[in-house]
Amino acid sequence: MAHAGRPWTDYKPPAAAPVWAAIEGFGRYHVLCAALELDVFDTLGELGPSAADRVAERLSVSAPHLRTLLDSVVALGLLDQNNGLYELNDTARRYLLSDGPACMAGLVGVAPGPLENWSRLADTVRNGRPARPIEADPEAFYVPLVEGTFTTMWRCATRADSRIRYSSIPAARVLDLGAGGAPWSIAVLAACPSGSAVINDYAGVLEVAKRKTAEFAVADRCEWRPGNYFEIEIEPQSFDLVILGHICRAEGATGAARLIRRAHDALRPGGRVIVADYFCDPEHKLNPHAVLMGATMMASTVKGSTFTTDEFGAWLRDAGFVDLRLVEPIGFQQCIVASRPENRPNVDA
Ligand SMILES: C[S@@+](CC[C@H](N)C(=O)[O-])C[C@H]1O[C@@H](n2cnc3c(N)ncnc32)[C@H](O)[C@@H]1O
């Protein structure tokens, strides 16, 4: 029937769900942030299954408002509620308790970057740069970021040994550029009792690395090299592993390729680079997490973006690397591992 419209139609309009999902994204994020700020998860961990009134009394907050917040957290799938009693589920226990085995509580608030940059995203697209990029004061941004991301990156780095077998390198020498809290160096040094690491970052961020390496009892095998990773001196052909952990995507294509060339020059023949990042598929549509991370980078950095596995592959091969492999040690965290060939001439930076 050549008729469009109700009630007779052979055309079913698309659902509005993707639009609602985008609108709700804002609320979802802030519900989680508020629950963490109010200590909802740790409090439920202490109290066990509890009515909203009891949790509100413990937290000294408005009971009807807390109930709305708790119901919203249940809607996110981050708490359970049965017969009016709210309780932790396995996801909350693992990722949102402050002593959870894979705690992401510190990561939630910092991962999107400065929130005010998101409300100016259209202006950033108009102007080709954010009004207040994080590069204006990198230490102020990165100190809380690397504190918040440490546990996730350390889990990724420790699990990576089952794929990369860095623990089998005798007296491994590691170069960790833009190391943050040094999760990768800590994992490698813990697995290699005779290993040592050169750890680079801005001086203020290195204070986090010094504290974390002391906590994990590996600080005595670390050398600190503060400064810009494009400018610090690096001994050629001296390292077994070079870590580029979540630094390439802040530097644009030219900067990322330059870091990869620096890594190649620093490695001894047979040494390996580990590039941890969020990689897009070649068509920029199969891995929404990496694609949206590109928007996060655009929102708050001058040159930042996410790149495809093909782009990283080309930069690595151009620098002289071989034997490229993509591994995913834990969910959402991927790394490309590549080797500097034995007996191959150096490629200049
Ligand atoms: C996203 S964090 C990653 C930290 C760590 N590598 C990890 O995987 O968890 C990026 C790090 O690079 C550092 N960084 C950014 N630009 C840098 C530069 N030009 N020179 C040295 N460090 C830099 C930041 O201070 C920050 O610690």
# chains A, B, ... in the order shown; residues from 1 in each chain; ligands from 1
call {"tool": "residues_near_ligand", "arguments": {"ligand": "ligand 1", "cutoff": "9 Å", "atoms": "only C-alpha atoms and all ligand atoms", "output": "ChimeraX atom specification"}}
result
/A:135,138-139,141-143,145-147,149-154,157,176-184,200-206,226-232,243-251,276-277
call {"tool": "closest_residue", "arguments": {"among": "A:Ala219, A:Ala136, A:Cys280, A:Ala172", "to": "Val242 (chain A)", "atoms": "only C-alpha atoms"}}
result
A:Ala172
call {"tool": "select_by_dssp", "arguments": {"residues": "region 137-269 of chain A", "states": "strand (DSSP E)", "output": "ChimeraX atom specification"}}
result
/A:173-177,196-201,222-226,239-245,267-269
call {"tool": "write_last_selection", "arguments": {"atoms": "N, CA and C atoms", "output": "mmCIF file, in the first residue's frame"}}
result
data_model
loop_
_atom_site.group_PDB
_atom_site.id
_atom_site.type_symbol
_atom_site.label_atom_id
_atom_site.label_comp_id
_atom_site.auth_asym_id
_atom_site.auth_seq_id
_atom_site.Cartn_x
_atom_site.Cartn_y
_atom_site.Cartn_z
ATOM 1 N N ARG A 173 66.628 -4.460 31.249
ATOM 2 C CA ARG A 173 66.808 -3.011 31.420
ATOM 3 C C ARG A 173 65.658 -2.333 30.676
ATOM 4 N N VAL A 174 64.913 -1.496 31.423
ATOM 5 C CA VAL A 174 63.665 -0.934 30.917
ATOM 6 C C VAL A 174 63.783 0.577 30.800
ATOM 7 N N LEU A 175 63.247 1.124 29.716
ATOM 8 C CA LEU A 175 63.089 2.575 29.586
ATOM 9 C C LEU A 175 61.591 2.856 29.526
ATOM 10 N N ASP A 176 61.100 3.675 30.453
ATOM 11 C CA ASP A 176 59.657 3.936 30.572
ATOM 12 C C ASP A 176 59.448 5.433 30.337
ATOM 13 N N LEU A 177 59.006 5.787 29.123
ATOM 14 C CA LEU A 177 58.835 7.209 28.774
ATOM 15 C C LEU A 177 57.421 7.656 29.160
ATOM 16 N N SER A 196 66.426 -3.444 35.983
ATOM 17 C CA SER A 196 66.536 -2.044 36.397
ATOM 18 C C SER A 196 65.769 -1.197 35.388
ATOM 19 N N ALA A 197 65.405 0.027 35.798
ATOM 20 C CA ALA A 197 64.575 0.857 34.917
ATOM 21 C C ALA A 197 65.023 2.309 34.941
ATOM 22 N N VAL A 198 64.938 2.945 33.773
ATOM 23 C CA VAL A 198 65.086 4.400 33.665
ATOM 24 C C VAL A 198 63.681 4.944 33.480
ATOM 25 N N ILE A 199 63.277 5.822 34.402
ATOM 26 C CA ILE A 199 61.881 6.250 34.438
ATOM 27 C C ILE A 199 61.800 7.743 34.163
ATOM 28 N N ASN A 200 61.063 8.077 33.117
ATOM 29 C CA ASN A 200 60.952 9.471 32.671
ATOM 30 C C ASN A 200 59.530 9.988 32.862
ATOM 31 N N ASP A 201 59.436 11.233 33.247
ATOM 32 C CA ASP A 201 58.169 11.991 33.204
ATOM 33 C C ASP A 201 58.521 13.410 33.618
ATOM 34 N N CYS A 222 65.554 1.870 40.273
ATOM 35 C CA CYS A 222 65.052 2.864 39.309
ATOM 36 C C CYS A 222 65.981 4.066 39.248
ATOM 37 N N GLU A 223 66.173 4.559 38.019
ATOM 38 C CA GLU A 223 66.886 5.828 37.824
ATOM 39 C C GLU A 223 65.860 6.820 37.304
ATOM 40 N N TRP A 224 65.859 8.018 37.863
ATOM 41 C CA TRP A 224 64.839 9.014 37.507
ATOM 42 C C TRP A 224 65.387 9.948 36.444
ATOM 43 N N ARG A 225 64.618 10.136 35.394
ATOM 44 C CA ARG A 225 65.086 11.017 34.322
ATOM 45 C C ARG A 225 63.979 12.027 33.988
ATOM 46 N N PRO A 226 63.897 13.121 34.784
ATOM 47 C CA PRO A 226 62.820 14.089 34.576
ATOM 48 C C PRO A 226 63.007 14.858 33.271
ATOM 49 N N PHE A 239 68.618 -0.743 25.901
ATOM 50 C CA PHE A 239 67.487 -1.245 26.686
ATOM 51 C C PHE A 239 66.903 -2.521 26.070
ATOM 52 N N ASP A 240 66.374 -3.362 26.956
ATOM 53 C CA ASP A 240 65.681 -4.582 26.499
ATOM 54 C C ASP A 240 64.212 -4.308 26.211
ATOM 55 N N LEU A 241 63.658 -3.361 26.952
ATOM 56 C CA LEU A 241 62.242 -3.015 26.771
ATOM 57 C C LEU A 241 62.104 -1.504 26.809
ATOM 58 N N VAL A 242 61.334 -0.954 25.876
ATOM 59 C CA VAL A 242 60.933 0.448 25.989
ATOM 60 C C VAL A 242 59.410 0.468 26.089
ATOM 61 N N ILE A 243 58.916 1.192 27.099
ATOM 62 C CA ILE A 243 57.472 1.277 27.320
ATOM 63 C C ILE A 243 56.975 2.639 26.834
ATOM 64 N N LEU A 244 56.023 2.617 25.917
ATOM 65 C CA LEU A 244 55.299 3.834 25.517
ATOM 66 C C LEU A 244 53.861 3.613 25.987
ATOM 67 N N GLY A 245 53.607 3.902 27.270
ATOM 68 C CA GLY A 245 52.312 3.567 27.881
ATOM 69 C C GLY A 245 51.363 4.756 27.840
ATOM 70 N N LEU A 267 66.633 0.815 21.932
ATOM 71 C CA LEU A 267 66.643 -0.636 22.148
ATOM 72 C C LEU A 267 67.915 -1.277 21.613
ATOM 73 N N ARG A 268 68.375 -2.248 22.362
ATOM 74 C CA ARG A 268 69.449 -3.073 21.811
ATOM 75 C C ARG A 268 68.824 -3.986 20.752
ATOM 76 N N PRO A 269 69.638 -4.493 19.795
ATOM 77 C CA PRO A 269 69.066 -5.425 18.827
ATOM 78 C C PRO A 269 68.387 -6.597 19.551
#
call {"tool": "residues_around", "arguments": {"residues": "Gly252 (chain A)", "least_positions_apart": "2", "cutoff": "9 Å", "atoms": "only C-alpha atoms", "output": "compact mmCIF listing (two decimals) with N, CA and C atoms, in the first residue's frame"}}
result
# COMPACT_ATOMS: atom_id res chain seq x y z
N CYS A 248 51.46 8.01 23.22
CA CYS A 248 51.48 8.36 21.79
C CYS A 248 50.25 9.17 21.37
N ARG A 249 49.09 8.81 21.93
CA ARG A 249 47.87 9.45 21.41
C ARG A 249 47.77 10.93 21.78
N ALA A 250 48.60 11.40 22.72
CA ALA A 250 48.57 12.82 23.06
C ALA A 250 49.42 13.65 22.11
N THR A 254 52.63 12.87 14.01
CA THR A 254 54.07 13.16 13.90
C THR A 254 54.78 12.83 15.20
N GLY A 255 54.19 13.25 16.32
CA GLY A 255 54.81 13.00 17.61
C GLY A 255 54.84 11.52 17.96
N ALA A 256 53.76 10.81 17.63
CA ALA A 256 53.71 9.38 17.94
C ALA A 256 54.81 8.65 17.17
N ALA A 257 54.94 8.97 15.88
CA ALA A 257 55.98 8.32 15.07
C ALA A 257 57.38 8.66 15.60
N VAL A 302 45.92 19.56 22.48
CA VAL A 302 46.15 20.33 21.26
C VAL A 302 46.27 19.39 20.05
N LYS A 303 46.99 18.27 20.23
CA LYS A 303 47.25 17.40 19.07
C LYS A 303 46.66 16.01 19.21
N GLY A 304 46.04 15.73 20.36
CA GLY A 304 45.67 14.37 20.69
C GLY A 304 44.59 13.79 19.80
N SER A 305 44.65 12.47 19.64
CA SER A 305 43.69 11.74 18.81
C SER A 305 43.93 10.25 19.07
N THR A 306 43.03 9.41 18.60
CA THR A 306 43.37 7.98 18.62
C THR A 306 43.67 7.55 17.19
N PHE A 307 44.51 6.53 17.07
CA PHE A 307 44.99 6.09 15.76
C PHE A 307 44.67 4.62 15.56
call {"tool": "residues_around", "arguments": {"residues": "Cys335 (chain A)", "least_positions_apart": "5", "cutoff": "7 Å", "atoms": "only C-alpha atoms", "output": "list in words"}}
result
Ile274, Val275, Ala276, Asp277, Leu326, Val327 and Glu328 of chain A
call {"tool": "write_last_selection", "arguments": {"atoms": "C-alpha atoms", "output": "PDB file, in the first residue's frame"}}
result
ATOM      1  CA  ILE A 274      55.465  -2.083  24.173  1.00  0.00           C
ATOM      2  CA  VAL A 275      52.954   0.478  22.953  1.00  0.00           C
ATOM      3  CA  ALA A 276      49.925   0.511  25.261  1.00  0.00           C
ATOM      4  CA  ASP A 277      47.077   2.594  23.866  1.00  0.00           C
ATOM      5  CA  LEU A 326      48.554  -6.998  19.247  1.00  0.00           C
ATOM      6  CA  VAL A 327      47.717  -8.324  22.716  1.00  0.00           C
ATOM      7  CA  GLU A 328      44.902  -7.541  25.161  1.00  0.00           C
TER       8      GLU A 328
END
call {"tool": "residues_around", "arguments": {"residues": "Ser167 (chain A)", "least_positions_apart": "2", "cutoff": "6 Å", "atoms": "only C-alpha atoms", "output": "PyMOL selection string"}}
result
chain A and resi 165+169+191-192
call {"tool": "write_last_selection", "arguments": {"atoms": "C-alpha atoms", "output": "short mmCIF file (atom, residue, chain, number, x, y, z; two decimals), in the first residue's frame"}}
result
data_model
loop_
_atom_site.label_atom_id
_atom_site.label_comp_id
_atom_site.auth_asym_id
_atom_site.auth_seq_id
_atom_site.Cartn_x
_atom_site.Cartn_y
_atom_site.Cartn_z
CA ARG A 165 57.16 -13.08 28.82
CA ILE A 169 64.66 -11.48 30.13
CA ALA A 191 59.02 -10.07 37.70
CA CYS A 192 62.76 -9.58 37.00
#
call {"tool": "residues_around", "arguments": {"residues": "Leu36 (chain A)", "least_positions_apart": "5", "cutoff": "10 Å", "atoms": "only C-alpha atoms", "output": "list of chain:residue names"}}
result
A:His30, A:Val31, A:Phe41, A:Asp42, A:Leu96, A:Leu97, A:Ser98, A:Ala105, A:Gly106, A:Val108, A:Gly109
call {"tool": "write_last_selection", "arguments": {"atoms": "N, CA and C atoms", "output": "tab-separated table (two decimals), in the first residue's frame"}}
result
chain	number	residue	atom	x	y	z
A	30	HIS	N	27.49	11.24	35.99
A	30	HIS	CA	27.44	12.02	37.23
A	30	HIS	C	26.81	11.23	38.38
A	31	VAL	N	25.92	10.32	38.09
A	31	VAL	CA	25.39	9.44	39.14
A	31	VAL	C	26.53	8.63	39.75
A	41	PHE	N	29.65	3.02	47.92
A	41	PHE	CA	30.05	1.62	47.73
A	41	PHE	C	30.76	1.09	48.98
A	42	ASP	N	31.73	1.85	49.49
A	42	ASP	CA	32.43	1.39	50.70
A	42	ASP	C	31.45	1.28	51.88
A	96	LEU	N	34.62	-0.94	42.24
A	96	LEU	CA	34.23	0.33	42.85
A	96	LEU	C	34.49	0.42	44.35
A	97	LEU	N	34.74	-0.69	45.01
A	97	LEU	CA	35.20	-0.62	46.40
A	97	LEU	C	36.61	-0.07	46.41
A	98	SER	N	36.93	0.77	47.38
A	98	SER	CA	38.26	1.39	47.35
A	98	SER	C	39.37	0.36	47.53
A	105	ALA	N	37.88	3.24	41.15
A	105	ALA	CA	37.21	4.38	41.79
A	105	ALA	C	37.96	5.69	41.53
A	106	GLY	N	39.28	5.64	41.57
A	106	GLY	CA	40.05	6.86	41.36
A	106	GLY	C	40.11	7.28	39.90
A	108	VAL	N	37.52	7.07	37.69
A	108	VAL	CA	36.25	7.57	37.14
A	108	VAL	C	36.26	9.09	37.00
A	109	GLY	N	36.67	9.78	38.06
A	109	GLY	CA	36.60	11.24	38.04
A	109	GLY	C	37.56	11.88	37.06
call {"tool": "residues_around", "arguments": {"residues": "Asn127 (chain A)", "least_positions_apart": "4", "cutoff": "12 Å", "atoms": "only C-alpha atoms", "output": "PyMOL selection string"}}
result
chain A and resi 120-123+131+298-299+302
call {"tool": "closest_residue", "arguments": {"among": "A:Leu286, A:Ile23, A:Ala17, A:Cys33", "to": "Ala111 (chain A)", "atoms": "only C-alpha atoms"}}
result
A:Cys33
call {"tool": "closest_residue", "arguments": {"among": "A:Phe332, A:Tyr11, A:Trp315, A:Trp20", "to": "Arg155 (chain A)", "atoms": "only C-alpha atoms"}}
result
A:Phe332
call {"tool": "select_by_dssp", "arguments": {"residues": "region 144-271 of chain A", "states": "helix (DSSP H, G or I)", "output": "PyMOL selection string"}}
result
chain A and resi 144-164+166-168+183-191+203-215+219-221+248-250+252-266
call {"tool": "closest_residue", "arguments": {"among": "A:Arg317, A:Ala190, A:Asp80, A:Asn343", "to": "Pro49 (chain A)", "atoms": "only C-alpha atoms"}}
result
A:Asp80
call {"tool": "atom_distance", "arguments": {"atom1": "CA of Cys156 (chain A)", "atom2": "CA of Ala102 (chain A)"}}
result
10.3 Å
